[in-house]
>>> print(open('protein-v6.pdb').read())   # PDB, C-alpha atoms, pLDDT in the B column
ATOM      1  CA  GLY K 618       0.000   0.000   0.000  1.00 61.00           C
ATOM      2  CA  THR K 619       0.856   3.633  -0.249  1.00 71.00           C
ATOM      3  CA  LEU K 620       1.580   3.975   3.486  1.00 73.00           C
ATOM      4  CA  PHE K 621       4.179   1.221   3.283  1.00 78.00           C
ATOM      5  CA  VAL K 622       5.802   2.874   0.257  1.00 83.00           C
ATOM      6  CA  ARG K 623       5.951   6.221   2.111  1.00 83.00           C
ATOM      7  CA  ASN K 624       7.578   4.535   5.105  1.00 82.00           C
ATOM      8  CA  LEU K 625      10.031   2.734   2.834  1.00 85.00           C
ATOM      9  CA  ALA K 626      10.887   6.026   1.105  1.00 86.00           C
ATOM     10  CA  MET K 627      11.937   7.525   4.469  1.00 87.00           C
ATOM     11  CA  VAL K 628      14.765   4.982   4.817  1.00 88.00           C
ATOM     12  CA  ALA K 629      15.439   3.978   1.209  1.00 89.00           C
ATOM     13  CA  ASP K 630      18.326   6.402   0.768  1.00 89.00           C
ATOM     14  CA  LEU K 631      20.100   5.800   4.087  1.00 92.00           C
ATOM     15  CA  GLY K 632      22.404   3.119   2.698  1.00 90.00           C
ATOM     16  CA  TRP K 633      20.705   0.141   4.358  1.00 92.00           C
ATOM     17  CA  ASP K 634      20.271  -3.169   2.588  1.00 92.00           C
ATOM     18  CA  LEU K 635      16.450  -3.290   2.485  1.00 93.00           C
ATOM     19  CA  HIS K 636      14.461  -6.381   1.528  1.00 92.00           C
ATOM     20  CA  PHE K 637      10.731  -6.680   0.869  1.00 90.00           C
ATOM     21  CA  PHE K 638       8.827  -9.944   1.204  1.00 88.00           C
ATOM     22  CA  PRO K 639       5.093  -9.530   0.546  1.00 84.00           C
ATOM     23  CA  CYS K 640       2.634 -11.337   2.767  1.00 80.00           C
ATOM     24  CA  LYS K 641       0.243 -11.787  -0.145  1.00 73.00           C
ATOM     25  CA  GLU K 642       0.119 -11.293  -3.883  1.00 64.00           C
ATOM     26  CA  THR K 643       1.125  -7.809  -4.812  1.00 67.00           C
ATOM     27  CA  ASN K 644       2.510  -5.799  -7.645  1.00 68.00           C
ATOM     28  CA  LEU K 645       5.657  -3.770  -7.445  1.00 75.00           C
ATOM     29  CA  HIS K 646       4.788  -0.209  -6.576  1.00 79.00           C
ATOM     30  CA  PRO K 647       6.364   2.437  -8.812  1.00 80.00           C
ATOM     31  CA  GLY K 648       7.420   4.276  -5.631  1.00 84.00           C
ATOM     32  CA  PHE K 649       9.765   1.461  -4.559  1.00 87.00           C
ATOM     33  CA  ARG K 650      13.479   2.229  -4.664  1.00 90.00           C
ATOM     34  CA  ASN K 651      16.701   0.854  -3.185  1.00 93.00           C
ATOM     35  CA  VAL K 652      15.055  -2.403  -2.135  1.00 91.00           C
ATOM     36  CA  THR K 653      15.438  -6.086  -2.975  1.00 90.00           C
ATOM     37  CA  VAL K 654      12.106  -7.788  -3.628  1.00 87.00           C
ATOM     38  CA  HIS K 655      11.534 -11.493  -2.879  1.00 85.00           C
ATOM     39  CA  ASP K 656       8.704 -13.402  -4.561  1.00 74.00           C
ATOM     40  CA  ASP K 657       8.040 -15.729  -7.469  1.00 64.00           C
ATOM     41  CA  TRP K 658       6.319 -13.616 -10.127  1.00 62.00           C
ATOM     42  CA  TRP K 659       5.967  -9.889 -10.521  1.00 62.00           C
ATOM     43  CA  ILE K 660       4.156  -7.497 -12.725  1.00 61.00           C
ATOM     44  CA  ARG K 661       6.875  -4.907 -13.268  1.00 64.00           C
ATOM     45  CA  PRO K 662       5.168  -1.530 -13.695  1.00 64.00           C
ATOM     46  CA  GLU K 663       6.424   0.988 -16.172  1.00 70.00           C
ATOM     47  CA  GLY K 664       8.647   3.546 -14.519  1.00 75.00           C
ATOM     48  CA  LEU K 665       9.907   1.253 -11.749  1.00 79.00           C
ATOM     49  CA  HIS K 666      13.042   2.785 -10.277  1.00 87.00           C
ATOM     50  CA  PRO K 667      16.208   1.054 -11.562  1.00 88.00           C
ATOM     51  CA  SER K 668      17.461   0.568  -7.970  1.00 92.00           C
ATOM     52  CA  VAL K 669      14.757  -2.062  -7.310  1.00 87.00           C
ATOM     53  CA  ARG K 670      16.336  -5.524  -7.396  1.00 85.00           C
ATOM     54  CA  LEU K 671      14.427  -8.759  -7.927  1.00 80.00           C
ATOM     55  CA  ALA K 672      16.055 -11.450  -5.798  1.00 78.00           C
ATOM     56  CA  ARG K 673      14.333 -14.245  -7.649  1.00 64.00           C
ATOM     57  CA  GLY K 674      11.291 -14.919  -9.672  1.00 57.00           C
ATOM     58  CA  VAL K 675      10.056 -13.910 -13.048  1.00 51.00           C
ATOM     59  CA  PRO K 676       9.342 -10.243 -13.734  1.00 52.00           C
ATOM     60  CA  LEU K 677       6.535  -9.821 -16.215  1.00 52.00           C
ATOM     61  CA  CYS K 678       6.729  -6.644 -18.312  1.00 52.00           C
ATOM     62  CA  LEU K 679       3.441  -6.475 -20.112  1.00 52.00           C
ATOM     63  CA  GLY K 680       2.736  -2.760 -20.471  1.00 55.00           C
ATOM     64  CA  ARG K 681      -0.861  -2.107 -21.451  1.00 59.00           C
ATOM     65  CA  HIS K 682      -1.848  -5.746 -20.774  1.00 60.00           C
ATOM     66  CA  GLU K 683      -1.218  -5.370 -17.043  1.00 59.00           C
ATOM     67  CA  ASP K 684      -4.856  -6.044 -15.995  1.00 65.00           C
ATOM     68  CA  LEU K 685      -4.936  -9.323 -17.902  1.00 68.00           C
ATOM     69  CA  ALA K 686      -1.551 -10.300 -16.478  1.00 64.00           C
ATOM     70  CA  ASN K 687      -2.728  -9.507 -12.943  1.00 63.00           C
ATOM     71  CA  ARG K 688      -5.737 -11.804 -13.320  1.00 69.00           C
ATOM     72  CA  ALA K 689      -3.567 -14.591 -14.732  1.00 67.00           C
ATOM     73  CA  LEU K 690      -0.985 -14.112 -11.980  1.00 62.00           C
ATOM     74  CA  ARG K 691      -3.658 -14.276  -9.252  1.00 64.00           C
ATOM     75  CA  ARG K 692      -4.971 -17.519 -10.733  1.00 67.00           C
ATOM     76  CA  LEU K 693      -1.479 -18.982 -11.024  1.00 62.00           C
ATOM     77  CA  ARG K 694      -0.808 -18.173  -7.363  1.00 59.00           C
ATOM     78  CA  GLU K 695      -4.070 -19.895  -6.402  1.00 63.00           C
ATOM     79  CA  VAL K 696      -3.110 -23.164  -8.087  1.00 58.00           C
ATOM     80  CA  ALA K 697       0.666 -23.076  -7.444  1.00 55.00           C
ATOM     81  CA  PRO K 698       0.482 -24.691  -3.973  1.00 51.00           C
ATOM     82  CA  VAL K 699      -1.226 -27.692  -5.533  1.00 42.00           C
ATOM     83  CA  VAL K 700       1.847 -28.351  -7.686  1.00 40.00           C
ATOM     84  CA  GLY K 701       4.276 -28.203  -4.773  1.00 38.00           C
ATOM     85  CA  GLN K 702       5.104 -24.527  -4.275  1.00 42.00           C
ATOM     86  CA  PRO K 703       6.343 -24.193  -0.675  1.00 50.00           C
ATOM     87  CA  ASP K 704       4.207 -22.052   1.570  1.00 81.00           C
ATOM     88  CA  ARG K 705       5.017 -18.382   2.113  1.00 83.00           C
ATOM     89  CA  ALA K 706       6.179 -18.821   5.722  1.00 88.00           C
ATOM     90  CA  ALA K 707       8.763 -21.406   4.691  1.00 89.00           C
ATOM     91  CA  ARG K 708       9.922 -19.135   1.875  1.00 88.00           C
ATOM     92  CA  LEU K 709      10.151 -16.159   4.258  1.00 91.00           C
ATOM     93  CA  ALA K 710      12.148 -18.269   6.726  1.00 94.00           C
ATOM     94  CA  ALA K 711      14.514 -19.246   3.900  1.00 91.00           C
ATOM     95  CA  VAL K 712      14.997 -15.591   2.932  1.00 92.00           C
ATOM     96  CA  ILE K 713      15.683 -14.630   6.557  1.00 95.00           C
ATOM     97  CA  ARG K 714      18.216 -17.439   6.919  1.00 95.00           C
ATOM     98  CA  ARG K 715      19.949 -16.412   3.695  1.00 92.00           C
ATOM     99  CA  VAL K 716      19.892 -12.622   4.172  1.00 94.00           C
ATOM    100  CA  ARG K 717      20.449 -12.653   7.960  1.00 96.00           C
ATOM    101  CA  PRO K 718      18.766  -9.274   8.540  1.00 96.00           C
ATOM    102  CA  ASP K 719      19.432  -7.132  11.594  1.00 96.00           C
ATOM    103  CA  LEU K 720      15.675  -6.861  12.119  1.00 95.00           C
ATOM    104  CA  VAL K 721      12.348  -7.875  10.626  1.00 97.00           C
ATOM    105  CA  HIS K 722       9.580  -5.290  10.323  1.00 94.00           C
ATOM    106  CA  GLY K 723       5.993  -6.273   9.601  1.00 93.00           C
ATOM    107  CA  TYR K 724       3.065  -4.075   8.629  1.00 87.00           C
ATOM    108  CA  GLU K 725      -0.460  -5.273   9.454  1.00 85.00           C
ATOM    109  CA  LEU K 726      -1.128  -7.677  12.301  1.00 86.00           C
ATOM    110  CA  LEU K 727      -2.994 -10.552  10.728  1.00 86.00           C
ATOM    111  CA  MET K 728      -1.489 -11.355   7.344  1.00 87.00           C
ATOM    112  CA  ALA K 729       2.041 -10.029   7.864  1.00 90.00           C
ATOM    113  CA  GLY K 730       2.085 -10.790  11.586  1.00 93.00           C
ATOM    114  CA  GLU K 731       1.020 -14.403  11.203  1.00 92.00           C
ATOM    115  CA  LEU K 732       3.456 -14.909   8.339  1.00 93.00           C
ATOM    116  CA  ILE K 733       6.371 -13.591  10.411  1.00 95.00           C
ATOM    117  CA  ARG K 734       5.266 -15.547  13.491  1.00 95.00           C
ATOM    118  CA  SER K 735       5.282 -18.755  11.443  1.00 93.00           C
ATOM    119  CA  ALA K 736       8.719 -17.967   9.998  1.00 95.00           C
ATOM    120  CA  ARG K 737       9.985 -17.216  13.498  1.00 96.00           C
ATOM    121  CA  ALA K 738       8.690 -20.564  14.735  1.00 95.00           C
ATOM    122  CA  ALA K 739      10.410 -22.321  11.819  1.00 94.00           C
ATOM    123  CA  ILE K 740      13.748 -20.613  12.526  1.00 96.00           C
ATOM    124  CA  GLY K 741      13.650 -20.709  16.323  1.00 95.00           C
ATOM    125  CA  ALA K 742      16.663 -19.349  18.207  1.00 93.00           C
ATOM    126  CA  GLY K 743      18.565 -16.717  16.310  1.00 93.00           C
ATOM    127  CA  PHE K 744      15.526 -15.039  14.776  1.00 97.00           C
ATOM    128  CA  PRO K 745      16.270 -11.300  14.473  1.00 97.00           C
ATOM    129  CA  PRO K 746      14.397  -8.713  16.538  1.00 97.00           C
ATOM    130  CA  TRP K 747      10.878  -8.266  15.194  1.00 97.00           C
ATOM    131  CA  ILE K 748       9.064  -4.935  14.949  1.00 95.00           C
ATOM    132  CA  MET K 749       5.325  -5.128  14.291  1.00 93.00           C
ATOM    133  CA  SER K 750       3.602  -1.952  13.109  1.00 90.00           C
ATOM    134  CA  THR K 751      -0.112  -1.696  13.638  1.00 85.00           C
ATOM    135  CA  TRP K 752      -2.100  -0.599  10.645  1.00 79.00           C
ATOM    136  CA  GLY K 753      -5.416   1.200  10.722  1.00 75.00           C
ATOM    137  CA  SER K 754      -7.796  -0.499  13.103  1.00 75.00           C
ATOM    138  CA  ASP K 755      -5.859  -3.792  13.413  1.00 79.00           C
ATOM    139  CA  LEU K 756      -6.149  -3.899  17.175  1.00 84.00           C
ATOM    140  CA  ASN K 757      -9.537  -2.294  17.517  1.00 80.00           C
ATOM    141  CA  LEU K 758     -11.266  -4.355  14.839  1.00 78.00           C
ATOM    142  CA  TYR K 759      -9.423  -7.681  14.825  1.00 81.00           C
ATOM    143  CA  GLY K 760      -8.524  -7.644  18.515  1.00 81.00           C
ATOM    144  CA  GLN K 761     -12.205  -7.544  19.465  1.00 81.00           C
ATOM    145  CA  HIS K 762     -13.476  -9.924  16.802  1.00 84.00           C
ATOM    146  CA  PRO K 763     -14.179 -13.436  18.178  1.00 85.00           C
ATOM    147  CA  ASP K 764     -12.716 -15.135  15.090  1.00 87.00           C
ATOM    148  CA  HIS K 765      -9.515 -13.083  15.069  1.00 86.00           C
ATOM    149  CA  ALA K 766      -8.628 -12.038  18.630  1.00 88.00           C
ATOM    150  CA  HIS K 767      -6.653 -15.237  19.304  1.00 91.00           C
ATOM    151  CA  ARG K 768      -4.649 -14.651  16.117  1.00 91.00           C
ATOM    152  CA  VAL K 769      -3.836 -11.053  17.114  1.00 90.00           C
ATOM    153  CA  ARG K 770      -2.875 -12.246  20.595  1.00 91.00           C
ATOM    154  CA  ALA K 771      -0.481 -14.866  19.165  1.00 94.00           C
ATOM    155  CA  VAL K 772       1.279 -12.248  17.028  1.00 94.00           C
ATOM    156  CA  LEU K 773       1.536  -9.721  19.879  1.00 94.00           C
ATOM    157  CA  GLU K 774       2.945 -12.343  22.238  1.00 94.00           C
ATOM    158  CA  ALA K 775       5.603 -13.309  19.664  1.00 95.00           C
ATOM    159  CA  CYS K 776       6.914  -9.927  18.459  1.00 95.00           C
ATOM    160  CA  ASP K 777       9.621  -7.937  20.252  1.00 96.00           C
ATOM    161  CA  TYR K 778       8.502  -4.383  19.470  1.00 95.00           C
ATOM    162  CA  VAL K 779       5.278  -2.696  18.442  1.00 93.00           C
ATOM    163  CA  ARG K 780       5.108   0.559  16.549  1.00 89.00           C
ATOM    164  CA  PRO K 781       1.537   1.752  17.155  1.00 86.00           C
ATOM    165  CA  GLU K 782      -0.332   3.793  14.607  1.00 82.00           C
ATOM    166  CA  ALA K 783      -1.945   5.836  17.380  1.00 80.00           C
ATOM    167  CA  ASN K 784      -1.915   6.078  21.167  1.00 82.00           C
ATOM    168  CA  ARG K 785      -5.245   4.234  21.249  1.00 81.00           C
ATOM    169  CA  ASP K 786      -3.280   1.084  20.338  1.00 84.00           C
ATOM    170  CA  LEU K 787      -1.169   1.069  23.523  1.00 85.00           C
ATOM    171  CA  GLY K 788      -3.805  -0.194  25.949  1.00 85.00           C
ATOM    172  CA  GLN K 789      -5.394  -2.519  23.432  1.00 86.00           C
ATOM    173  CA  ALA K 790      -2.111  -4.229  22.560  1.00 88.00           C
ATOM    174  CA  ALA K 791      -1.194  -4.656  26.230  1.00 89.00           C
ATOM    175  CA  ALA K 792      -4.631  -6.145  26.936  1.00 89.00           C
ATOM    176  CA  LEU K 793      -4.114  -8.573  24.062  1.00 89.00           C
ATOM    177  CA  GLY K 794      -0.803  -9.882  25.391  1.00 88.00           C
ATOM    178  CA  PHE K 795       1.961  -7.586  24.119  1.00 92.00           C
ATOM    179  CA  ARG K 796       4.803  -7.522  26.669  1.00 92.00           C
ATOM    180  CA  GLY K 797       7.657  -6.194  24.512  1.00 93.00           C
ATOM    181  CA  GLU K 798       8.847  -2.647  23.969  1.00 92.00           C
ATOM    182  CA  TRP K 799       6.996   0.206  22.303  1.00 90.00           C
ATOM    183  CA  LEU K 800       8.463   2.194  19.430  1.00 89.00           C
ATOM    184  CA  ILE K 801       6.505   5.401  19.726  1.00 81.00           C
ATOM    185  CA  PRO K 802       7.183   8.227  17.262  1.00 63.00           C
ATOM    186  CA  ARG K 803       7.872  11.524  18.971  1.00 54.00           C
TER     187      ARG K 803
END
>>> encode(input="protein-v6.pdb", output="structure tokens")
Amino acid sequence: GTLFVRNLAMVADLGWDLHFFPCKETNLHPGFRNVTVHDDWWIRPEGLHPSVRLARGVPLCLGRHEDLANRALRRLREVAPVVGQPDRAARLAAVIRRVRPDLVHGYELLMAGELIRSARAAIGAGFPPWIMSTWGSDLNLYGQHPDHAHRVRAVLEACDYVRPEANRDLGQAAALGFRGEWLIPR
């Protein structure tokens, strides 16, 4: 999303070795720069900054046929697990083992948080510090929902740091099991 791209832009030119692993199907955003992207297939938009590196996978450059390619790519990702594609958590764990990052930062509690929690469980000891940023009403909506509260709780109990979107998140995250440290913008 646009918020992620804005956050990435704040650190993209600081000389860090940044890596992006999507928690779900996504297209490369034209605002990406100075980042290595990890996934299997990509629709490469026109105007993508030349500093964006594809670690693996097949970039698809289809210009005006992008909508058709997106539909085909979504369908391919739906059927790929049936033909033996390893799950995303195992692939994320493999990337973390290979890259050995100083930290892992996730945006959005359910999809990204559960993906990182699963990768952390697969890696075990030696997993880097994990920052989880709340997004929108993650805690308020999902934390109170009977089908999702246990999932939010599992993520909050596993991560090391939380970067809340707003002060309203502080009490809610603590009530849902977060015992780590807060990263609060000043």
>>> residues_around(input="protein-v6.pdb", residues="segment 630-633 of chain K", least_positions_apart="3", cutoff="10 Å", atoms="all atoms listed in the file", output="VMD selection string")
chain K and resid 625 to 627 636 650 to 652
>>> residues_around(input="protein-v6.pdb", residues="Thr653 of chain K", least_positions_apart="4", cutoff="7 Å", atoms="only C-alpha atoms", output="JSON list (two decimals) with C-alpha atoms, in the frame of the given file")
[["chain", "number", "residue", "atom", "x", "y", "z"],
["K", 635, "LEU", "CA", 16.45, -3.29, 2.48],
["K", 636, "HIS", "CA", 14.46, -6.38, 1.53],
["K", 637, "PHE", "CA", 10.73, -6.68, 0.87],
["K", 669, "VAL", "CA", 14.76, -2.06, -7.31],
["K", 670, "ARG", "CA", 16.34, -5.52, -7.40],
["K", 671, "LEU", "CA", 14.43, -8.76, -7.93],
["K", 672, "ALA", "CA", 16.06, -11.45, -5.80]]
>>> resolve_selection(input="protein-v6.pdb", expression="the PyMOL selection byres ((chain K and resi 769-773) around 7)", output="PyMOL selection string")
chain K and resi 726-727+730-731+734+759-760+765-768+774-776+793-795
>>> resolve_selection(input="protein-v6.pdb", expression="the PyMOL selection byres ((chain K and resi 751) around 9)", output="list of chain:residue names")
K:Gly723, K:Tyr724, K:Glu725, K:Leu726, K:Met749, K:Ser750, K:Trp752, K:Gly753, K:Ser754, K:Asp755, K:Leu756, K:Val779, K:Arg780, K:Pro781, K:Glu782, K:Ala783, K:Asp786
>>> closest_residue(input="protein-v6.pdb", among="K:Ile801, K:Cys640, K:Val712, K:Ala792", to="Ile748 of chain K", atoms="only C-alpha atoms")
K:Ile801
>>> atom_distance(input="protein-v6.pdb", atom1="atom CA of Pro647 of chain K", atom2="atom CA of Glu663 of chain K")
7.5 Å
>>> closest_residue(input="protein-v6.pdb", among="K:Leu758, K:Leu645, K:Gly797, K:His666", to="Ala629 of chain K", atoms="all atoms listed in the file")
K:His666
>>> atom_distance(input="protein-v6.pdb", atom1="atom CA of Arg717 of chain K", atom2="atom CA of Ala729 of chain K")
18.6 Å
>>> closest_residue(input="protein-v6.pdb", among="K:Gly664, K:Gln789, K:Arg714, K:Pro639", to="Ile740 of chain K", atoms="all atoms listed in the file")
K:Arg714
